[in-house]
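Everything below belongs to query_9.tsv, which stores TSV, C-alpha atoms.
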chain	number	residue	atom	x	y	z
T	27	MET	CA	155.64	107.48	210.83
T	28	TYR	CA	158.14	110.33	211.24
T	29	LEU	CA	161.27	110.36	209.07
T	30	ILE	CA	164.37	112.50	208.49
T	31	ALA	CA	165.59	113.02	204.91
T	32	PRO	CA	168.82	115.01	204.44
T	33	SER	CA	168.77	116.95	201.17
T	34	ILE	CA	172.08	116.87	199.30
T	35	LEU	CA	171.13	120.05	197.42
T	36	SER	CA	172.80	121.90	200.30
T	37	ALA	CA	175.90	119.70	200.38
T	38	ASP	CA	179.22	120.33	198.65
T	39	PHE	CA	178.57	119.08	195.10
T	40	SER	CA	182.16	117.91	194.80
T	41	ARG	CA	181.68	115.63	197.83
T	42	LEU	CA	178.22	114.12	197.35
T	43	ALA	CA	179.30	110.60	198.28
T	44	GLU	CA	180.52	112.01	201.59
T	45	ALA	CA	177.19	113.81	202.03
T	46	VAL	CA	175.38	110.49	201.66
T	47	ALA	CA	177.81	108.87	204.10
T	48	ILE	CA	176.96	111.62	206.60
T	49	ALA	CA	173.27	110.75	206.21
T	50	GLU	CA	174.08	107.11	206.90
T	51	GLN	CA	176.22	107.93	209.95
T	52	GLY	CA	173.43	110.06	211.36
T	53	GLN	CA	170.99	107.18	210.82
T	54	ALA	CA	168.79	109.19	208.47
T	55	ASP	CA	165.80	107.43	206.93
T	56	MET	CA	166.45	108.41	203.31
T	57	VAL	CA	168.42	110.77	201.09
T	58	HIS	CA	166.59	113.54	199.26
T	59	VAL	CA	167.73	114.46	195.74
T	60	ASP	CA	166.42	117.63	194.06
T	61	VAL	CA	166.45	117.52	190.26
T	62	MET	CA	166.20	121.00	188.71
T	63	ASP	CA	166.04	121.71	184.98
T	64	GLY	CA	166.76	125.45	184.76
T	65	HIS	CA	163.24	126.01	183.35
T	66	PHE	CA	160.63	125.19	185.95
T	67	VAL	CA	163.09	126.60	188.49
T	68	PRO	CA	166.11	128.83	187.79
T	69	SER	CA	168.77	126.38	188.95
T	70	LEU	CA	170.23	123.37	187.19
T	71	THR	CA	171.30	120.44	189.35
T	72	PHE	CA	171.36	116.66	189.10
T	73	GLY	CA	170.55	114.05	186.48
T	74	GLU	CA	169.84	110.35	186.23
T	75	LYS	CA	173.51	109.35	186.43
T	76	LEU	CA	173.92	110.86	189.87
T	77	VAL	CA	170.97	108.84	191.15
T	78	SER	CA	172.38	105.71	189.50
T	79	ASP	CA	175.80	106.34	191.06
T	80	LEU	CA	174.34	107.02	194.51
T	81	ARG	CA	172.26	103.87	194.26
T	82	GLU	CA	175.55	101.93	194.19
T	83	LYS	CA	176.93	103.84	197.19
T	84	THR	CA	174.09	103.55	199.69
T	85	SER	CA	171.31	101.29	200.85
T	86	LEU	CA	169.27	104.26	202.04
T	87	PRO	CA	166.13	104.95	200.00
T	88	LEU	CA	166.60	107.72	197.44
T	89	ASN	CA	163.78	110.26	197.48
T	90	VAL	CA	163.94	112.09	194.14
T	91	HIS	CA	162.05	115.36	193.64
T	92	LEU	CA	161.64	116.41	190.00
T	93	MET	CA	161.45	120.20	189.70
T	94	VAL	CA	161.12	120.02	185.93
T	95	ASP	CA	158.79	121.16	183.16
T	96	ASN	CA	158.37	117.80	181.44
T	97	PRO	CA	158.30	115.06	184.09
T	98	GLU	CA	156.81	112.53	181.67
T	99	LYS	CA	160.09	112.57	179.73
T	100	LEU	CA	162.27	112.03	182.79
T	101	ILE	CA	160.34	109.70	185.08
T	102	PRO	CA	161.25	106.45	183.24
T	103	GLY	CA	164.96	107.27	183.38
T	104	PHE	CA	164.93	108.07	187.08
T	105	LEU	CA	162.99	104.91	187.83
T	106	GLU	CA	165.62	102.93	185.95
T	107	ALA	CA	168.39	104.82	187.78
T	108	GLY	CA	167.07	103.61	191.12
T	109	ALA	CA	164.80	106.26	192.61
T	110	ASP	CA	162.80	104.66	195.45
T	111	TRP	CA	160.50	107.61	196.05
T	112	LEU	CA	159.70	109.86	193.10
T	113	SER	CA	157.68	113.07	193.04
T	114	PHE	CA	156.90	115.67	190.39
T	115	HIS	CA	155.05	118.96	190.46
T	116	LEU	CA	151.30	119.19	190.09
T	117	GLU	CA	151.74	122.59	188.47
T	118	VAL	CA	153.48	121.27	185.34
T	119	THR	CA	151.31	118.47	183.98
T	120	PRO	CA	147.65	117.79	183.10
T	121	HIS	CA	148.36	114.05	183.29
T	122	ALA	CA	149.26	113.59	186.95
T	123	HIS	CA	147.17	110.42	187.33
T	124	ARG	CA	148.93	108.67	184.45
T	125	LEU	CA	152.39	109.56	185.74
T	126	LEU	CA	151.56	108.45	189.27
T	127	GLN	CA	150.43	105.10	187.92
T	128	LEU	CA	153.68	104.78	185.98
T	129	ILE	CA	155.68	105.24	189.18
T	130	LYS	CA	153.52	102.85	191.19
T	131	GLU	CA	153.60	100.17	188.49
T	132	ALA	CA	157.38	100.19	188.90
T	133	GLY	CA	156.90	99.35	192.58
T	134	ARG	CA	158.10	102.76	193.82
T	135	LYS	CA	156.53	105.38	196.09
T	136	ALA	CA	154.67	108.03	194.07
T	137	GLY	CA	154.32	111.62	195.19
T	138	LEU	CA	153.10	115.00	194.05
T	139	ALA	CA	154.87	118.23	194.99
T	140	ILE	CA	153.08	121.55	195.35
T	141	ASN	CA	154.48	125.06	195.52
T	142	PRO	CA	153.66	127.46	198.38
T	143	ALA	CA	150.97	129.28	196.37
T	144	THR	CA	149.28	126.11	195.05
T	145	PRO	CA	146.02	125.25	196.86
T	146	ILE	CA	145.87	121.74	198.29
T	147	ASP	CA	142.30	121.42	196.96
T	148	LEU	CA	143.86	120.76	193.54
T	149	LEU	CA	145.09	117.43	194.92
T	150	SER	CA	141.60	116.23	195.68
T	151	GLU	CA	141.00	114.16	192.53
T	152	VAL	CA	144.27	112.23	192.74
T	153	LEU	CA	144.74	111.98	196.49
T	154	GLU	CA	143.88	108.26	196.54
T	155	GLU	CA	146.69	107.58	194.05
T	156	LEU	CA	149.41	109.12	196.23
T	157	ASP	CA	151.87	107.61	198.65
T	158	TYR	CA	152.98	111.05	199.75
T	159	VAL	CA	152.60	114.79	199.13
T	160	LEU	CA	155.64	117.04	199.11
T	161	VAL	CA	154.69	120.47	200.43
T	162	MET	CA	157.14	123.18	199.45
T	163	THR	CA	157.46	125.69	202.27
T	164	VAL	CA	159.81	127.91	200.27
T	165	ASN	CA	159.68	128.84	196.61
T	166	PRO	CA	161.62	126.08	194.84
T	167	GLY	CA	164.90	126.71	193.09
T	168	TRP	CA	167.68	126.89	195.65
T	169	GLY	CA	168.50	125.82	199.20
T	170	GLY	CA	168.91	127.85	202.36
T	171	GLN	CA	165.70	129.86	202.13
T	172	LYS	CA	163.55	130.89	205.09
T	173	PHE	CA	160.40	128.96	205.91
T	174	ILE	CA	157.22	130.69	204.68
T	175	PRO	CA	155.00	130.94	207.80
T	176	ALA	CA	151.70	130.82	205.89
T	177	THR	CA	152.46	127.29	204.72
T	178	ARG	CA	151.86	125.99	208.24
T	179	TYR	CA	148.14	126.25	207.56
T	180	LYS	CA	148.55	124.28	204.34
T	181	ILE	CA	150.29	121.41	206.16
T	182	LYS	CA	147.57	121.32	208.81
T	183	LYS	CA	144.76	121.46	206.25
T	184	LEU	CA	146.31	118.69	204.17
T	185	ASN	CA	146.73	116.53	207.27
T	186	GLN	CA	143.06	117.01	208.11
T	187	LEU	CA	141.99	116.13	204.57
T	188	ILE	CA	144.06	112.93	204.62
T	189	ALA	CA	142.64	111.97	208.02
T	190	GLU	CA	139.05	112.60	206.88
T	191	ARG	CA	139.53	110.22	203.95
T	192	ARG	CA	141.47	107.75	206.09
T	193	LEU	CA	144.26	107.49	203.54
T	194	PRO	CA	147.78	106.15	204.24
T	195	ILE	CA	149.47	109.21	202.75
T	196	LEU	CA	152.59	110.79	204.20
T	197	ILE	CA	153.30	114.52	204.16
T	198	ALA	CA	156.84	115.58	203.26
T	199	VAL	CA	157.90	119.16	203.91
T	200	ASP	CA	160.80	120.86	202.13
T	201	GLY	CA	162.12	124.33	202.86
T	202	GLY	CA	163.42	125.93	206.03
T	203	VAL	CA	162.95	122.78	208.12
T	204	LYS	CA	165.28	122.96	211.11
T	205	LEU	CA	165.79	121.44	214.52
T	206	ASP	CA	164.04	124.37	216.17
T	207	ASN	CA	160.80	124.00	214.19
T	208	LEU	CA	160.84	120.22	213.73
T	209	SER	CA	158.47	119.40	216.58
T	210	THR	CA	156.01	122.09	215.52
T	211	LEU	CA	155.90	120.78	211.96
T	212	PHE	CA	155.46	117.19	213.14
T	213	GLU	CA	152.56	118.40	215.30
T	214	LEU	CA	150.97	120.05	212.24
T	215	GLY	CA	151.10	116.81	210.27
T	216	MET	CA	154.52	116.57	208.64
T	217	ASN	CA	155.82	112.99	208.40
T	218	ILE	CA	159.00	113.43	206.36
T	219	ALA	CA	161.34	116.29	207.29
T	220	ILE	CA	163.49	117.24	204.30
T	221	CYS	CA	166.43	119.16	205.71
T	222	GLY	CA	169.22	120.68	203.64
T	223	SER	CA	171.22	123.63	204.92
T	224	SER	CA	170.15	122.95	208.50
T	225	ILE	CA	172.17	119.72	208.26
T	226	TYR	CA	174.96	120.34	205.78
T	227	ASP	CA	175.78	123.86	206.99
T	228	ALA	CA	175.87	122.70	210.60
T	229	GLN	CA	179.16	122.46	212.46
T	230	ASN	CA	178.50	118.77	213.04
T	231	PRO	CA	176.07	117.42	210.41
T	232	VAL	CA	176.06	113.87	211.79
T	233	ALA	CA	175.17	115.07	215.29
T	234	THR	CA	172.46	117.31	213.86
T	235	ILE	CA	170.82	114.41	212.04
T	236	ARG	CA	170.96	112.33	215.19
T	237	GLU	CA	169.29	115.10	217.19
T	238	MET	CA	166.55	115.30	214.54
T	239	LYS	CA	166.16	111.52	214.68
T	240	MET	CA	165.64	111.73	218.45
T	241	VAL	CA	162.74	114.14	217.88
T	242	ALA	CA	161.30	111.84	215.21
T	243	ARG	CA	161.64	108.79	217.49
T	244	ASP	CA	159.73	110.62	220.21
T	245	PHE	CA	156.83	111.23	217.82
T	246	ASN	CA	156.97	107.64	216.58
T	247	GLN	CA	156.82	106.45	220.17
T	248	ARG	CA	153.67	108.50	220.69
T	249	ILE	CA	152.02	106.52	217.88
T	250	ILE	CA	153.07	103.24	219.48
T	251	ASN	CA	151.66	104.43	222.82
T	252	GLY	CA	148.44	105.57	221.14
T	253	LYS	CA	148.87	109.22	222.08

Can you turn what I pasted into structure tokens?
Amino acid sequence: MYLIAPSILSADFSRLAEAVAIAEQGQADMVHVDVMDGHFVPSLTFGEKLVSDLREKTSLPLNVHLMVDNPEKLIPGFLEAGADWLSFHLEVTPHAHRLLQLIKEAGRKAGLAINPATPIDLLSEVLEELDYVLVMTVNPGWGGQKFIPATRYKIKKLNQLIAERRLPILIAVDGGVKLDNLSTLFELGMNIAICGSSIYDAQNPVATIREMKMVARDFNQRIINGK
């Protein structure tokens, strides 16, 4: 399964409803929402109310990424607000298993995010509890950064680990994902392309999403054809 998830972190914050409408017009698969607390990362962004408000504006799944120091305090509120996919960072909690169970008990997709310098081996003990892993390919905190080349190996290694265990886990990639590296990242094992500035800074964001969807459809067709 190959999916496109526009990230509204790179959109005009005064026009977020329009940003979501652009995702819908481009036939994106979900909307990605980065929640930053000003502690775990330098920036401060969105809260539960935004997710609640967006939930009323769109039928697209909301993929919420918590870049926060205390995810255990925020997860219940974001579940109530309507997050469909919810991830938090492995680096900030010793109780990842418990929080993943909390998300899954609510009937939502549970994910763990890892920073560029975090080894994927640290995921080993909770891998079976995950619906997806969010691999950061830039240092988290703000949009528009350049893709860190060394993270390609991490995506490939994680894909191999998931395949060896025969687990139905998706790999999301966030940071510097663009039309010109989309196919390469899908080949490495990425399933969910989280794209921010490459969409919302484009001259025609809707057309850009549709071009990305064409690439994703080609890879999905390969699965159907058994290639």

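Excluding T:Phe245 itself and same-chain residues fewer than 6 positions from it, the residues having an atom within 12 Å of it are T:Met27, T:Tyr28, T:Leu29, T:Leu208, T:Ser209, T:Thr210, T:Leu211, T:Phe212, T:Glu213, T:Leu214, T:Gly215, T:Met216, T:Asn217, T:Ile218, T:Met238, T:Lys239, T:Asn251, T:Gly252, T:Lys253, counting all atoms listed in the file.
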
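Shortest atom-to-atom contact with T:Ile235 among T:Leu35, T:Leu125, T:Val57, T:Ile250: T:Val57, counting all atoms listed in the file.
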
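Between atom CA of T:Ile146 and atom CA of T:Ala122 the interatomic distance comes to 14.4 Å.
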
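Here atom CA of T:Asn89 and atom CA of T:Val118 stand 19.4 Å from one another.
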
Which residues of stretch 62-115 of chain T have any atom within 8 Å of an atom in stretch 40-55 of chain T when counting all atoms listed in the file, and what is the closest pair of atoms for each, with the distance in Å to one decimal? Order the rows by chain and rising number and write it as a Markdown table.
| residue | atom | partner | partner_atom | distance |
| --- | --- | --- | --- | --- |
| T:Leu80 | CA | T:Ala43 | CA | 7.2 |
| T:Lys83 | CA | T:Ala43 | CA | 7.2 |
| T:Thr84 | CA | T:Val46 | CA | 7.3 |
| T:Leu86 | CA | T:Asp55 | CA | 6.8 |
| T:Pro87 | CA | T:Asp55 | CA | 7.4 |

Inset, instruction - Point out the residue among T:His58, T:Arg191, T:Arg81, T:Lys99 with the least atom-to-atom distance to T:Trp111, counting only C-alpha atoms. - result: T:His58

Inset, instruction - Name the closest residue to T:Asp38 among the candidates T:Glu106, T:Arg248, T:Pro68, T:Gly222; distances are taken between atoms, counting only C-alpha atoms. - result: T:Gly222

For T:Ala228, please output as a JSON list (two decimals) with C-alpha atoms, in the frame of the given file all residues within 12 Å (counting all atoms listed in the file; exclusion window: fewer than 3 positions along the same chain).
[["chain", "number", "residue", "atom", "x", "y", "z"],
["T", 36, "SER", "CA", 172.80, 121.90, 200.30],
["T", 37, "ALA", "CA", 175.90, 119.70, 200.38],
["T", 48, "ILE", "CA", 176.96, 111.62, 206.60],
["T", 170, "GLY", "CA", 168.91, 127.85, 202.36],
["T", 204, "LYS", "CA", 165.28, 122.96, 211.11],
["T", 205, "LEU", "CA", 165.79, 121.44, 214.52],
["T", 221, "CYS", "CA", 166.43, 119.16, 205.71],
["T", 222, "GLY", "CA", 169.22, 120.68, 203.64],
["T", 223, "SER", "CA", 171.22, 123.63, 204.92],
["T", 224, "SER", "CA", 170.15, 122.95, 208.50],
["T", 225, "ILE", "CA", 172.17, 119.72, 208.26],
["T", 231, "PRO", "CA", 176.07, 117.42, 210.41],
["T", 232, "VAL", "CA", 176.06, 113.87, 211.79],
["T", 233, "ALA", "CA", 175.17, 115.07, 215.29],
["T", 234, "THR", "CA", 172.46, 117.31, 213.86],
["T", 235, "ILE", "CA", 170.82, 114.41, 212.04]]

Legend entry - Nearest to T:Leu184, chosen from T:Met62, T:Val203, T:Leu116, T:Ile140, with all atoms listed in the file counted in the distances: T:Ile140

Inset, instruction - Go through T:Lys130, T:Lys172, T:His91, T:Arg243 one by one, measure the shortest atom-to-atom distance of each to T:Thr71 using only C-alpha atoms, and give the residue with the smallest value. - result: T:His91

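Of the residues under consideration (T:Leu105, T:Leu153, T:Ile197, T:Ala143), T:Ala143 shows the shortest atom-to-atom contact distance to T:Pro166 when counting only C-alpha atoms.
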
Legend entry - Selection: 7 Å around T:Leu196, only C-alpha atoms, excl. self and same-chain fewer than 5 positions, as a ChimeraX atom specification: /T:157-159,217

Could the residues in this selection be written to a file with C-alpha atoms, as a PDB file, in the frame of the given file?
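Dumped to part-v4.pdb:
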ATOM      1  CA  ASP T 157     151.870 107.610 198.650  1.00  0.00           C
ATOM      2  CA  TYR T 158     152.980 111.050 199.750  1.00  0.00           C
ATOM      3  CA  VAL T 159     152.600 114.790 199.130  1.00  0.00           C
ATOM      4  CA  ASN T 217     155.820 112.990 208.400  1.00  0.00           C
TER       5      ASN T 217
END

Legend entry - Answer as a PyMOL selection string, residues within 6 Å of (153.4, 122.6, 193.1) using all atoms listed in the file: chain T and resi 115-117+139-141+144

Distance query T:Met162 at most 7 Å, only C-alpha atoms, self and fewer than 3 positions along chain excluded, as a compact mmCIF listing (two decimals) with C-alpha atoms, in the coordinates of the input:
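Dumped to around.txt:
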# COMPACT_ATOMS: atom_id res chain seq x y z
CA ILE T 140 153.08 121.55 195.35
CA ASN T 141 154.48 125.06 195.52
CA PRO T 142 153.66 127.46 198.38
CA ASN T 165 159.68 128.84 196.61
CA VAL T 199 157.90 119.16 203.91
CA ASP T 200 160.80 120.86 202.13
CA GLY T 201 162.12 124.33 202.86

Inset, instruction - Tell me, in Å to one decimal, how far atom CA of T:Leu160 is from atom CA of T:Ala109. - result: 15.6 Å

Legend entry - Contacts of T:Leu70 at 12 Å (all atoms listed in the file; same-chain gap of 2+ positions) as a PyMOL selection string: chain T and resi 35+60-68+72-73+92-94+166-168
